[in-house]
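Visitor: Dropping in final-v4.txt, with compact mmCIF, C-alpha atoms and all ligand atoms.
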```
# COMPACT_ATOMS: atom_id res chain seq x y z
CA MET A 10 96.34 122.89 115.52
CA ASP A 11 96.16 119.66 117.42
CA ASN A 12 92.55 118.84 116.61
CA ILE A 13 92.49 118.77 112.84
CA ASP A 14 89.17 117.68 111.38
CA TRP A 15 90.80 115.57 108.65
CA SER A 16 87.59 114.91 106.77
CA ASN A 17 86.66 118.58 106.49
CA LEU A 18 89.85 120.09 105.14
CA SER A 19 89.72 122.21 102.01
CA PHE A 20 92.47 123.61 99.78
CA CYS A 21 93.48 126.43 102.13
CA TYR A 22 96.70 127.59 103.71
CA ILE A 23 97.25 126.03 107.14
CA LYS A 24 100.26 126.74 109.32
CA THR A 25 102.35 123.65 110.04
CA ASP A 26 105.36 123.27 112.33
CA CYS A 27 108.21 124.30 110.08
CA ASN A 28 109.42 125.06 106.59
CA VAL A 29 112.72 124.32 104.92
CA ARG A 30 114.81 126.97 103.17
CA CYS A 31 117.98 127.27 101.17
CA ASN A 32 119.76 130.43 99.98
CA TYR A 33 121.74 130.83 96.80
CA ARG A 34 124.52 133.36 97.33
CA ASN A 35 127.94 133.99 95.78
CA GLY A 36 127.21 131.52 93.00
CA LYS A 37 126.28 128.54 95.17
CA TRP A 38 123.55 126.96 97.23
CA GLY A 39 123.99 126.96 101.01
CA GLU A 40 122.84 124.48 103.65
CA LEU A 41 119.20 123.51 104.13
CA GLU A 42 117.74 125.47 107.05
CA THR A 43 114.66 124.74 109.13
CA HIS A 44 112.43 127.66 110.12
CA THR A 45 109.37 127.82 112.32
CA SER A 46 108.42 131.32 111.14
CA GLU A 47 106.04 131.72 108.21
CA GLU A 48 107.57 135.07 107.37
CA ILE A 49 110.58 136.02 105.30
CA ASN A 50 112.77 139.07 105.52
CA LEU A 51 113.03 140.19 101.90
CA HIS A 52 114.89 143.00 100.18
CA MET A 53 112.39 145.51 98.78
CA ALA A 54 114.19 145.49 95.42
CA ALA A 55 114.16 141.68 95.09
CA THR A 56 113.64 140.61 91.47
CA GLY A 57 110.97 138.17 92.63
CA LEU A 58 108.84 141.19 93.57
CA HIS A 59 109.59 143.44 90.61
CA TYR A 60 110.41 141.36 87.59
CA GLY A 61 108.53 138.14 88.21
CA GLN A 62 111.61 136.00 88.80
CA GLN A 63 109.57 133.37 90.60
CA ALA A 64 108.60 129.75 90.09
CA PHE A 65 106.76 127.21 92.20
CA GLU A 66 105.69 123.59 92.28
CA GLY A 67 102.80 121.62 93.74
CA LEU A 68 102.89 117.95 94.69
CA LYS A 69 101.36 115.65 97.26
CA ALA A 70 102.22 113.01 99.82
CA PHE A 71 99.74 110.34 100.90
CA LYS A 72 99.49 108.07 103.90
CA GLY A 73 98.68 104.48 102.97
CA LYS A 74 96.74 101.76 104.77
CA ASP A 75 100.16 100.47 105.87
CA GLY A 76 100.87 103.81 107.59
CA LYS A 77 103.68 104.62 105.13
CA ILE A 78 103.99 108.05 103.54
CA ARG A 79 104.29 108.10 99.76
CA ILE A 80 105.38 111.13 97.70
CA PHE A 81 104.08 111.13 94.14
CA ARG A 82 106.58 111.79 91.32
CA VAL A 83 108.81 114.18 93.26
CA VAL A 84 111.61 113.75 90.72
CA ASP A 85 109.35 115.10 87.97
CA ASN A 86 108.51 118.18 90.03
CA ALA A 87 112.22 118.72 90.72
CA ARG A 88 112.91 118.61 86.97
CA ARG A 89 110.05 120.92 86.11
CA MET A 90 111.22 123.52 88.63
CA HIS A 91 114.67 123.22 87.10
CA GLU A 92 113.18 124.00 83.70
CA SER A 93 111.12 126.90 85.02
CA ALA A 94 114.25 128.38 86.62
CA GLU A 95 116.21 127.93 83.41
CA GLY A 96 113.43 129.64 81.43
CA ILE A 97 113.48 132.85 83.47
CA LEU A 98 117.20 132.85 84.26
CA MET A 99 117.05 131.96 87.95
CA ALA A 100 119.58 129.83 89.82
CA GLN A 101 118.48 126.22 89.35
CA VAL A 102 117.80 124.07 92.40
CA PRO A 103 119.73 120.81 91.94
CA GLU A 104 117.40 117.80 91.75
CA GLU A 105 118.91 116.17 94.87
CA LEU A 106 118.55 119.39 96.88
CA PHE A 107 114.91 119.74 95.81
CA ILE A 108 114.12 116.15 96.83
CA GLU A 109 116.02 116.43 100.11
CA ALA A 110 114.15 119.63 101.00
CA VAL A 111 110.76 118.07 100.19
CA ILE A 112 111.51 114.97 102.28
CA LYS A 113 112.78 117.08 105.16
CA ALA A 114 109.71 119.34 105.11
CA ILE A 115 107.40 116.30 105.19
CA LYS A 116 109.30 114.56 107.99
CA LEU A 117 109.38 117.67 110.15
CA ASN A 118 105.61 118.02 109.70
CA GLU A 119 104.73 114.34 109.77
CA ARG A 120 101.91 114.88 112.23
CA PHE A 121 100.10 116.88 109.52
CA VAL A 122 99.97 114.04 106.99
CA PRO A 123 96.28 113.09 106.93
CA PRO A 124 95.30 109.52 107.81
CA TYR A 125 94.50 107.08 105.00
CA GLU A 126 90.79 106.87 105.79
CA SER A 127 90.24 110.63 105.42
CA GLY A 128 90.98 110.67 101.68
CA ALA A 129 92.98 113.86 102.37
CA SER A 130 96.69 114.38 101.62
CA LEU A 131 99.66 116.58 102.39
CA TYR A 132 100.18 119.31 99.79
CA ILE A 133 103.78 120.33 99.24
CA ARG A 134 104.60 123.78 97.88
CA PRO A 135 108.20 124.45 96.83
CA VAL A 136 108.81 128.06 95.75
CA LEU A 137 111.91 129.71 94.27
CA PHE A 138 112.43 133.41 93.65
CA GLY A 139 115.02 136.11 93.06
CA SER A 140 115.78 137.56 96.50
CA GLY A 141 118.69 139.75 95.50
CA PRO A 142 118.13 143.44 94.62
CA ARG A 143 118.03 144.78 91.05
CA ILE A 144 116.52 147.98 89.88
CA GLY A 145 117.42 147.54 86.23
CA VAL A 146 115.83 144.55 84.50
CA ALA A 147 118.31 141.70 84.93
CA PRO A 148 118.46 138.39 86.77
CA ALA A 149 119.21 138.54 90.51
CA GLU A 150 122.44 137.26 91.98
CA GLU A 151 120.68 135.78 95.02
CA TYR A 152 117.76 133.34 95.26
CA LEU A 153 115.68 131.80 98.01
CA PHE A 154 114.15 128.33 97.77
CA ILE A 155 111.49 127.42 100.35
CA VAL A 156 109.43 124.26 100.82
CA PHE A 157 106.33 124.38 103.00
CA VAL A 158 103.54 121.85 103.41
CA MET A 159 99.94 121.68 104.60
CA PRO A 160 97.18 119.11 104.84
CA VAL A 161 94.50 119.52 102.16
CA GLY A 162 91.12 117.85 101.79
CA PRO A 163 89.98 115.51 99.08
CA TYR A 164 89.06 117.64 96.08
CA PHE A 165 85.71 115.94 95.60
CA LYS A 166 84.00 116.07 98.98
CA ALA A 167 80.60 115.39 97.48
CA GLY A 168 81.93 112.66 95.19
CA PHE A 169 83.61 112.62 91.82
CA LYS A 170 81.23 114.86 89.84
CA PRO A 171 81.50 116.68 86.51
CA THR A 172 81.41 120.50 86.49
CA ASN A 173 80.90 123.18 83.85
CA MET A 174 83.72 125.16 82.26
CA LEU A 175 83.86 128.36 80.23
CA ILE A 176 85.95 129.17 77.18
CA ALA A 177 87.97 132.34 77.80
CA ARG A 178 87.98 134.33 74.56
CA LYS A 179 88.65 137.76 76.06
CA TYR A 180 91.89 136.80 77.80
CA ASP A 181 95.11 134.96 77.03
CA ARG A 182 97.01 133.11 79.72
CA ALA A 183 100.30 132.78 77.85
CA ALA A 184 101.89 133.64 74.52
CA PRO A 185 102.95 130.88 72.10
CA HIS A 186 106.63 131.39 72.89
CA GLY A 187 106.20 132.97 76.31
CA THR A 188 106.32 131.26 79.70
CA GLY A 189 103.15 129.14 79.52
CA ASN A 190 105.15 125.91 79.67
CA MET A 191 106.82 126.95 82.94
CA LYS A 192 105.28 127.08 86.39
CA VAL A 193 105.94 130.77 86.97
CA GLY A 194 103.69 133.17 88.86
CA GLY A 195 103.21 135.56 85.92
CA ASN A 196 101.07 132.99 84.08
CA TYR A 197 98.71 132.78 87.04
CA ALA A 198 98.47 136.56 87.30
CA ALA A 199 97.63 136.72 83.58
CA GLY A 200 94.88 134.12 83.97
CA MET A 201 93.38 135.37 87.21
CA ARG A 202 90.79 137.75 85.77
CA ALA A 203 89.47 135.08 83.40
CA GLY A 204 89.26 132.55 86.23
CA GLU A 205 87.47 134.88 88.64
CA GLU A 206 84.93 135.96 86.00
CA ALA A 207 84.19 132.32 85.24
CA HIS A 208 83.78 131.47 88.95
CA LYS A 209 81.43 134.42 89.47
CA ASN A 210 79.27 133.05 86.68
CA GLY A 211 79.07 129.60 88.20
CA TYR A 212 81.81 127.82 86.23
CA SER A 213 84.45 125.74 87.95
CA ALA A 214 87.25 126.85 85.60
CA VAL A 215 88.12 128.45 82.27
CA LEU A 216 89.34 126.72 79.18
CA PHE A 217 92.02 128.77 77.41
CA LEU A 218 92.41 128.57 73.65
CA ASP A 219 95.73 129.01 71.86
CA SER A 220 96.38 132.73 72.02
CA LYS A 221 97.56 133.17 68.43
CA GLU A 222 94.64 131.80 66.44
CA LYS A 223 91.98 130.92 69.03
CA LYS A 224 91.48 127.69 67.10
CA TYR A 225 92.98 125.06 69.38
CA ILE A 226 92.50 124.01 72.98
CA ASP A 227 95.30 125.00 75.31
CA GLU A 228 94.49 124.14 78.92
CA CYS A 229 91.92 124.53 81.69
CA GLY A 230 92.91 127.17 84.26
CA PRO A 231 95.31 125.27 86.53
CA ALA A 232 94.99 121.88 84.81
CA ASN A 233 95.59 120.18 81.45
CA PHE A 234 92.69 119.15 79.20
CA PHE A 235 91.98 115.68 77.87
CA GLY A 236 89.20 114.17 75.79
CA ILE A 237 88.26 110.56 75.22
CA LYS A 238 86.79 108.99 72.10
CA ASN A 239 87.04 105.64 70.31
CA ASN A 240 89.12 104.15 73.12
CA THR A 241 91.68 106.96 72.65
CA TYR A 242 92.98 109.47 75.22
CA VAL A 243 93.65 112.78 73.43
CA THR A 244 95.43 115.74 75.02
CA PRO A 245 96.67 119.02 73.51
CA GLN A 246 100.15 119.59 72.22
CA SER A 247 101.00 123.26 72.65
CA THR A 248 104.05 125.35 73.45
CA SER A 249 102.06 127.43 75.93
CA ILE A 250 100.69 124.81 78.35
CA LEU A 251 102.27 123.44 81.49
CA PRO A 252 103.56 119.87 81.08
CA SER A 253 101.27 118.33 83.72
CA ILE A 254 102.71 115.41 85.65
CA THR A 255 99.20 114.07 86.26
CA ASN A 256 98.52 114.15 82.51
CA LYS A 257 101.74 112.26 81.82
CA SER A 258 100.70 109.67 84.40
CA LEU A 259 97.19 109.31 82.94
CA ILE A 260 98.64 108.83 79.45
CA GLN A 261 100.74 105.96 80.80
CA LEU A 262 97.79 104.43 82.66
CA ALA A 263 95.56 104.72 79.58
CA GLU A 264 98.21 102.86 77.59
CA ASP A 265 98.46 100.25 80.33
CA MET A 266 94.70 99.76 79.95
CA GLY A 267 95.13 99.11 76.24
CA MET A 268 93.91 102.52 75.06
CA LYS A 269 95.51 104.56 72.32
CA THR A 270 96.90 107.95 73.33
CA GLU A 271 97.50 111.06 71.26
CA ARG A 272 99.21 114.31 72.14
CA ARG A 273 98.43 116.73 69.32
CA PRO A 274 96.74 120.06 68.62
CA ILE A 275 93.00 119.74 69.32
CA PRO A 276 90.85 122.04 67.17
CA LEU A 277 87.96 123.54 69.12
CA GLU A 278 85.32 121.90 66.87
CA GLU A 279 86.67 118.50 67.83
CA LEU A 280 85.10 118.99 71.27
CA ASP A 281 81.82 117.88 69.66
CA THR A 282 83.29 114.44 69.03
CA PHE A 283 84.54 113.53 72.53
CA GLU A 284 82.61 110.99 74.58
CA GLU A 285 84.24 112.23 77.80
CA ALA A 286 86.34 115.26 78.72
CA GLY A 287 88.20 116.30 81.81
CA ALA A 288 90.81 118.54 83.39
CA CYS A 289 93.75 116.89 85.13
CA GLY A 290 96.23 118.09 87.72
CA THR A 291 97.68 117.44 91.17
CA ALA A 292 94.76 119.08 92.99
CA ALA A 293 91.96 116.85 91.72
CA VAL A 294 93.72 114.17 89.64
CA ILE A 295 90.74 114.45 87.24
CA SER A 296 87.90 117.00 87.20
CA PRO A 297 85.40 115.54 84.76
CA ILE A 298 83.75 118.18 82.56
CA ALA A 299 79.95 118.17 82.25
CA LYS A 300 79.73 120.99 79.70
CA ILE A 301 81.91 123.67 78.11
CA ASP A 302 80.22 126.97 77.20
CA ASP A 303 81.54 129.22 74.44
CA LEU A 304 79.32 132.20 75.22
CA GLU A 305 80.73 134.64 72.64
CA VAL A 306 79.78 132.33 69.78
CA GLY A 307 76.68 130.89 71.49
CA LYS A 308 77.84 127.27 71.47
CA GLU A 309 77.93 124.60 74.13
CA TYR A 310 79.69 121.23 74.21
CA VAL A 311 78.07 118.64 76.46
CA PHE A 312 79.91 115.58 77.80
CA SER A 313 77.75 114.47 80.70
CA LYS A 314 73.97 114.69 80.61
CA ASN A 315 73.26 112.68 83.76
CA GLY A 316 75.70 114.46 86.10
CA GLU A 317 77.96 111.41 86.26
CA PRO A 318 81.57 111.09 85.06
CA GLY A 319 82.32 108.89 82.07
CA PRO A 320 83.49 105.32 82.72
CA ILE A 321 87.05 105.81 81.41
CA SER A 322 87.62 108.99 83.44
CA LEU A 323 86.40 107.15 86.52
CA LYS A 324 88.64 104.18 85.86
CA LEU A 325 91.72 106.36 85.32
CA TYR A 326 90.93 108.41 88.43
CA ASN A 327 90.54 105.34 90.63
CA LYS A 328 93.69 103.75 89.27
CA LEU A 329 95.90 106.79 89.82
CA ARG A 330 94.56 107.36 93.36
CA ALA A 331 95.10 103.71 94.20
CA ILE A 332 98.77 104.01 93.19
CA GLN A 333 99.17 107.26 95.16
CA TYR A 334 97.75 105.72 98.36
CA GLY A 335 99.67 102.48 97.90
CA ASP A 336 96.54 100.36 97.34
CA GLU A 337 97.90 99.18 93.99
CA PRO A 338 101.49 98.42 93.00
CA ASP A 339 103.66 101.26 91.74
CA THR A 340 104.83 99.54 88.55
CA HIS A 341 106.26 102.72 86.99
CA GLY A 342 108.43 103.80 89.93
CA TRP A 343 106.41 106.97 90.56
CA VAL A 344 106.27 106.77 94.32
CA THR A 345 108.97 107.63 96.89
CA ILE A 346 108.26 105.92 100.19
CA LEU A 347 109.50 107.84 103.21
CA GLU A 348 111.69 105.72 105.46
C1 LIG B 401 98.58 125.82 84.53
C2 LIG B 401 98.60 124.43 85.04
N1 LIG B 401 98.40 123.43 84.17
C3 LIG B 401 98.42 122.15 84.55
C4 LIG B 401 98.63 121.80 85.88
C5 LIG B 401 98.66 120.36 86.27
O1 LIG B 401 99.97 119.96 86.49
P1 LIG B 401 100.30 118.76 87.48
O2 LIG B 401 99.57 117.57 86.99
O3 LIG B 401 101.78 118.60 87.37
O4 LIG B 401 99.83 119.19 88.82
C6 LIG B 401 98.86 122.81 86.82
C7 LIG B 401 99.16 122.53 88.23
O5 LIG B 401 98.62 121.77 88.94
C8 LIG B 401 98.84 124.14 86.40
O6 LIG B 401 99.02 125.13 87.28
```
Show how you would write the structure in this file as structure tokens.

Guide:
Amino acid sequence: MDNIDWSNLSFCYIKTDCNVRCNYRNGKWGELETHTSEEINLHMAATGLHYGQQAFEGLKAFKGKDGKIRIFRVVDNARRMHESAEGILMAQVPEELFIEAVIKAIKLNERFVPPYESGASLYIRPVLFGSGPRIGVAPAEEYLFIVFVMPVGPYFKAGFKPTNMLIARKYDRAAPHGTGNMKVGGNYAAGMRAGEEAHKNGYSAVLFLDSKEKKYIDECGPANFFGIKNNTYVTPQSTSILPSITNKSLIQLAEDMGMKTERRPIPLEELDTFEEAGACGTAAVISPIAKIDDLEVGKEYVFSKNGEPGPISLKLYNKLRAIQYGDEPDTHGWVTILE
């Protein structure tokens, strides 16, 4: 893996030099360990395998023009994993331990951080799961926390272009008071069939509606939804969506630009009124939406007729990327620079 073609990376697993692990046993976290193996030796009755006691995170580190490595909002990911663990009764990884493990995993794999010019980045995947055995449904007594990293390509190789999305009416991703607001594997399993069906039919992602009434917009596959109209950034309020760190950042940047922002339930019909719409998340920052199809009711919502993103989406996208790569000042304290 010494000849990485930085400009042709995609979002795929790549082996790097090592991963960092920590075990929770006898009521406490142990020391951080470094492993070169990609494999784990796991008890066959681990609750992570049987009862879905599992949570993960996804964040990125970027190399700037100055050669420095910047991690984006690692504290927020640490907090979100803490909340996910709390939600499904797993041992919580202390914030400092999470950050230390992320920094260690990046440093040990520094040669895999893509150069500034490539537009690529280092994707960081922390994962936590019940490793202790249980055959009755109950939380495990032992947990394993692992952080591994890999270089990933820029999401938009062919440029920042809008794509089509499909409303998923046949499937629910999460229940109103279920685990939709946590980053736990079960949500992704529940949404996988909807996502694959949409991909097979040429859509980039699904748009889930609220599962109780099917009246409001929830989120887009693995990203939050936002719409823009009348100089206002609008994003759904829902108990069953993941609190996206990218979305939170875009809300702040929109306010910095003098826009109004609203986090509230968005009725489906309101889609007709947005001038721009997009999905936002760590992977792409923003995926502008060209059109949303609601096949079951024979309706389509069009946001981009010329195949180009809207001007506000483009401005927000450029601004956030500039902060991540260190091209613009980090006025909100989002970036951790590796020493
Ligand atoms: C279901 C879901 N919603 C939203 C997001 C976006 O969250 P973030 O901006 O923190 O990456 C993700 C992850 O990327 C996700 O998996």

Visitor: For ligand LIG 401 (chain B), which of A:Ala286, A:Met90, A:Leu262, A:Val311 is the closest residue, counting only C-alpha atoms and all ligand atoms?

Guide: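 Looking only at the distances to ligand LIG 401 (chain B), the closest residue turns out to be A:Met90.
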
Visitor: Between A:Val215, A:Val111, A:Val158, A:Ile346, single out the one closest to ligand LIG 401 (chain B), counting all atoms listed in the file.

Guide: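 Comparing A:Val215, A:Val111, A:Val158, A:Ile346 against ligand LIG 401 (chain B), the winner is A:Val215.
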
Visitor: Let me see if you get this right: every residue at most 6 Å from ligand LIG 401 (chain B), counting only C-alpha atoms and all ligand atoms, written as a list in words.

Guide: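 Those residues are Gly230, Pro231, Ala232, Asn233, Leu251, Ser253, Ile254, Thr255, Asn256, Gly290 and Thr291 of chain A.
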
Visitor: Atom CA of A:Gly287 and atom CA of A:Gly236 are how many Å apart?

Guide: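 Taking atom CA of A:Gly287 as the start and atom CA of A:Gly236 as the end point, the length is 6.5 Å.
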
Visitor: So that I can see what lies close to A:Thr282, please list as a list of chain:residue names the residues with an atom at most 12 Å from it, counting only C-alpha atoms and leaving out residues fewer than 3 positions away in the same chain.

Guide: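 Counting only the stated atoms, we get A:Gly236, A:Ile237, A:Lys238, A:Asn239, A:Thr241, A:Val243, A:Ile275, A:Pro276, A:Leu277, A:Glu278, A:Glu279, A:Glu285, A:Ala286, A:Tyr310, A:Val311, A:Phe312.
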
Visitor: Using all atoms listed in the file, find all polymer residues with an atom at most 9 Å away from the point (105.7, 110.8, 87.3); report them as an NGL selection string.

Guide: :A and (81-86 or 254-255 or 257-258 or 341-344)

Visitor: Find the residues around stretch 333-339 of chain A up to 10 Å (only C-alpha atoms counted), leave out those fewer than 4 positions away in its own chain, and share them as a list in words.

Guide: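 After dropping sequence-adjacent residues, the list is Lys69, Ala70, Phe71, Lys72, Gly73, Lys74, Asp75, Gly76, Lys77, Ile78, Arg79, Ile80, Phe81, Arg82, Tyr125, Gly128, Ser130, Asn327, Lys328, Leu329, Trp343, Val344, Thr345 and Ile346 of chain A.
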
Visitor: Taking 4 positions as the minimum chain separation for residues in the same chain, which residues sit within 10 Å of A:Arg202 when counting all atoms listed in the file? Answer as a list in words.

Guide: Lys179, Tyr180, Arg182, Tyr197, Ala198, Glu206, Ala207 and His208 of chain A

Visitor: Only C-alpha atoms, please: the residues just picked out, written as a PDB file, in the frame of the given file.

Guide:
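This went into result-v6.pdb:
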```
ATOM      1  CA  LYS A 179      88.650 137.760  76.060  1.00  0.00           C
ATOM      2  CA  TYR A 180      91.890 136.800  77.800  1.00  0.00           C
ATOM      3  CA  ARG A 182      97.010 133.110  79.720  1.00  0.00           C
ATOM      4  CA  TYR A 197      98.710 132.780  87.040  1.00  0.00           C
ATOM      5  CA  ALA A 198      98.470 136.560  87.300  1.00  0.00           C
ATOM      6  CA  GLU A 206      84.930 135.960  86.000  1.00  0.00           C
ATOM      7  CA  ALA A 207      84.190 132.320  85.240  1.00  0.00           C
ATOM      8  CA  HIS A 208      83.780 131.470  88.950  1.00  0.00           C
TER       9      HIS A 208
END
```

Visitor: From the list A:Met99, A:Met159, A:Ser127, A:Tyr60, which residue is nearest A:Asp26 when using all atoms listed in the file?

Guide: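 Closest candidate: A:Met159.
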
Visitor: Within 12 Å of A:Val306, counting all atoms listed in the file, which residues qualify if same-chain residues fewer than 2 places away don't, as a VMD selection string?

Guide: chain A and resid 175 to 178 302 to 304 308 to 310

Visitor: Output C-alpha atoms for every residue in that selection, as a JSON list (two decimals), in the frame of the given file.

Guide:
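File part_33.json, as written:
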```json
[["chain", "number", "residue", "atom", "x", "y", "z"],
["A", 175, "LEU", "CA", 83.86, 128.36, 80.23],
["A", 176, "ILE", "CA", 85.95, 129.17, 77.18],
["A", 177, "ALA", "CA", 87.97, 132.34, 77.80],
["A", 178, "ARG", "CA", 87.98, 134.33, 74.56],
["A", 302, "ASP", "CA", 80.22, 126.97, 77.20],
["A", 303, "ASP", "CA", 81.54, 129.22, 74.44],
["A", 304, "LEU", "CA", 79.32, 132.20, 75.22],
["A", 308, "LYS", "CA", 77.84, 127.27, 71.47],
["A", 309, "GLU", "CA", 77.93, 124.60, 74.13],
["A", 310, "TYR", "CA", 79.69, 121.23, 74.21]]
```

Visitor: Considering only C-alpha atoms, can you say which of A:Phe138, A:Glu205, A:Leu259, A:Gly319 comes closest to A:Glu150?

Guide: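 Nearest candidate to A:Glu150 out of A:Phe138, A:Glu205, A:Leu259, A:Gly319: A:Phe138.
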
Visitor: Which polymer residues have any atom within 12 Å of an atom of A:Leu106, counting all atoms listed in the file, with same-chain residues fewer than 2 positions away left out, as a PyMOL selection string?

Guide: chain A and resi 29-33+38-42+83-84+87-88+90-91+101-104+108-113+135+154-156

Visitor: If you keep C-alpha atoms, can you produce a file of those selected residues as a PDB file, keeping the file's coordinate frame?

Guide:
```pdb
ATOM      1  CA  VAL A  29     112.720 124.320 104.920  1.00  0.00           C
ATOM      2  CA  ARG A  30     114.810 126.970 103.170  1.00  0.00           C
ATOM      3  CA  CYS A  31     117.980 127.270 101.170  1.00  0.00           C
ATOM      4  CA  ASN A  32     119.760 130.430  99.980  1.00  0.00           C
ATOM      5  CA  TYR A  33     121.740 130.830  96.800  1.00  0.00           C
ATOM      6  CA  TRP A  38     123.550 126.960  97.230  1.00  0.00           C
ATOM      7  CA  GLY A  39     123.990 126.960 101.010  1.00  0.00           C
ATOM      8  CA  GLU A  40     122.840 124.480 103.650  1.00  0.00           C
ATOM      9  CA  LEU A  41     119.200 123.510 104.130  1.00  0.00           C
ATOM     10  CA  GLU A  42     117.740 125.470 107.050  1.00  0.00           C
ATOM     11  CA  VAL A  83     108.810 114.180  93.260  1.00  0.00           C
ATOM     12  CA  VAL A  84     111.610 113.750  90.720  1.00  0.00           C
ATOM     13  CA  ALA A  87     112.220 118.720  90.720  1.00  0.00           C
ATOM     14  CA  ARG A  88     112.910 118.610  86.970  1.00  0.00           C
ATOM     15  CA  MET A  90     111.220 123.520  88.630  1.00  0.00           C
ATOM     16  CA  HIS A  91     114.670 123.220  87.100  1.00  0.00           C
ATOM     17  CA  GLN A 101     118.480 126.220  89.350  1.00  0.00           C
ATOM     18  CA  VAL A 102     117.800 124.070  92.400  1.00  0.00           C
ATOM     19  CA  PRO A 103     119.730 120.810  91.940  1.00  0.00           C
ATOM     20  CA  GLU A 104     117.400 117.800  91.750  1.00  0.00           C
ATOM     21  CA  ILE A 108     114.120 116.150  96.830  1.00  0.00           C
ATOM     22  CA  GLU A 109     116.020 116.430 100.110  1.00  0.00           C
ATOM     23  CA  ALA A 110     114.150 119.630 101.000  1.00  0.00           C
ATOM     24  CA  VAL A 111     110.760 118.070 100.190  1.00  0.00           C
ATOM     25  CA  ILE A 112     111.510 114.970 102.280  1.00  0.00           C
ATOM     26  CA  LYS A 113     112.780 117.080 105.160  1.00  0.00           C
ATOM     27  CA  PRO A 135     108.200 124.450  96.830  1.00  0.00           C
ATOM     28  CA  PHE A 154     114.150 128.330  97.770  1.00  0.00           C
ATOM     29  CA  ILE A 155     111.490 127.420 100.350  1.00  0.00           C
ATOM     30  CA  VAL A 156     109.430 124.260 100.820  1.00  0.00           C
TER      31      VAL A 156
END
```

Visitor: Atom CA of A:Gly141 and atom CA of A:Gly36, how far apart in Å?

Guide: 12.1 Å

Visitor: In the coordinate frame of the file, compute which residues have an atom within 12 Å of (78.1, 114.9, 93.2) when using all atoms listed in the file, and state them as a list in words.

Guide: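 Every polymer residue passing the test: Tyr164, Phe165, Lys166, Ala167, Gly168, Phe169, Lys170, Pro171, Thr172, Ser296, Pro297, Ala299, Asn315, Gly316, Glu317 and Pro318 of chain A.
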
Visitor: Tell me, in Å to one decimal, how far atom CA of A:Ala214 is from atom CA of A:Pro124.

Guide: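 Separation of atom CA of A:Ala214 and atom CA of A:Pro124: 29.3 Å.
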
Visitor: May I ask which of the residues A:Glu48, A:Glu271, A:Asp265, A:Glu151 is the closest one to A:Lys324, counting all atoms listed in the file?

Guide: A:Asp265

Visitor: Could you tell me which of A:Ile260, A:Thr43, A:Ala203, A:Asn118 comes closest to A:Ile23 if we count only C-alpha atoms?

Guide: A:Asn118
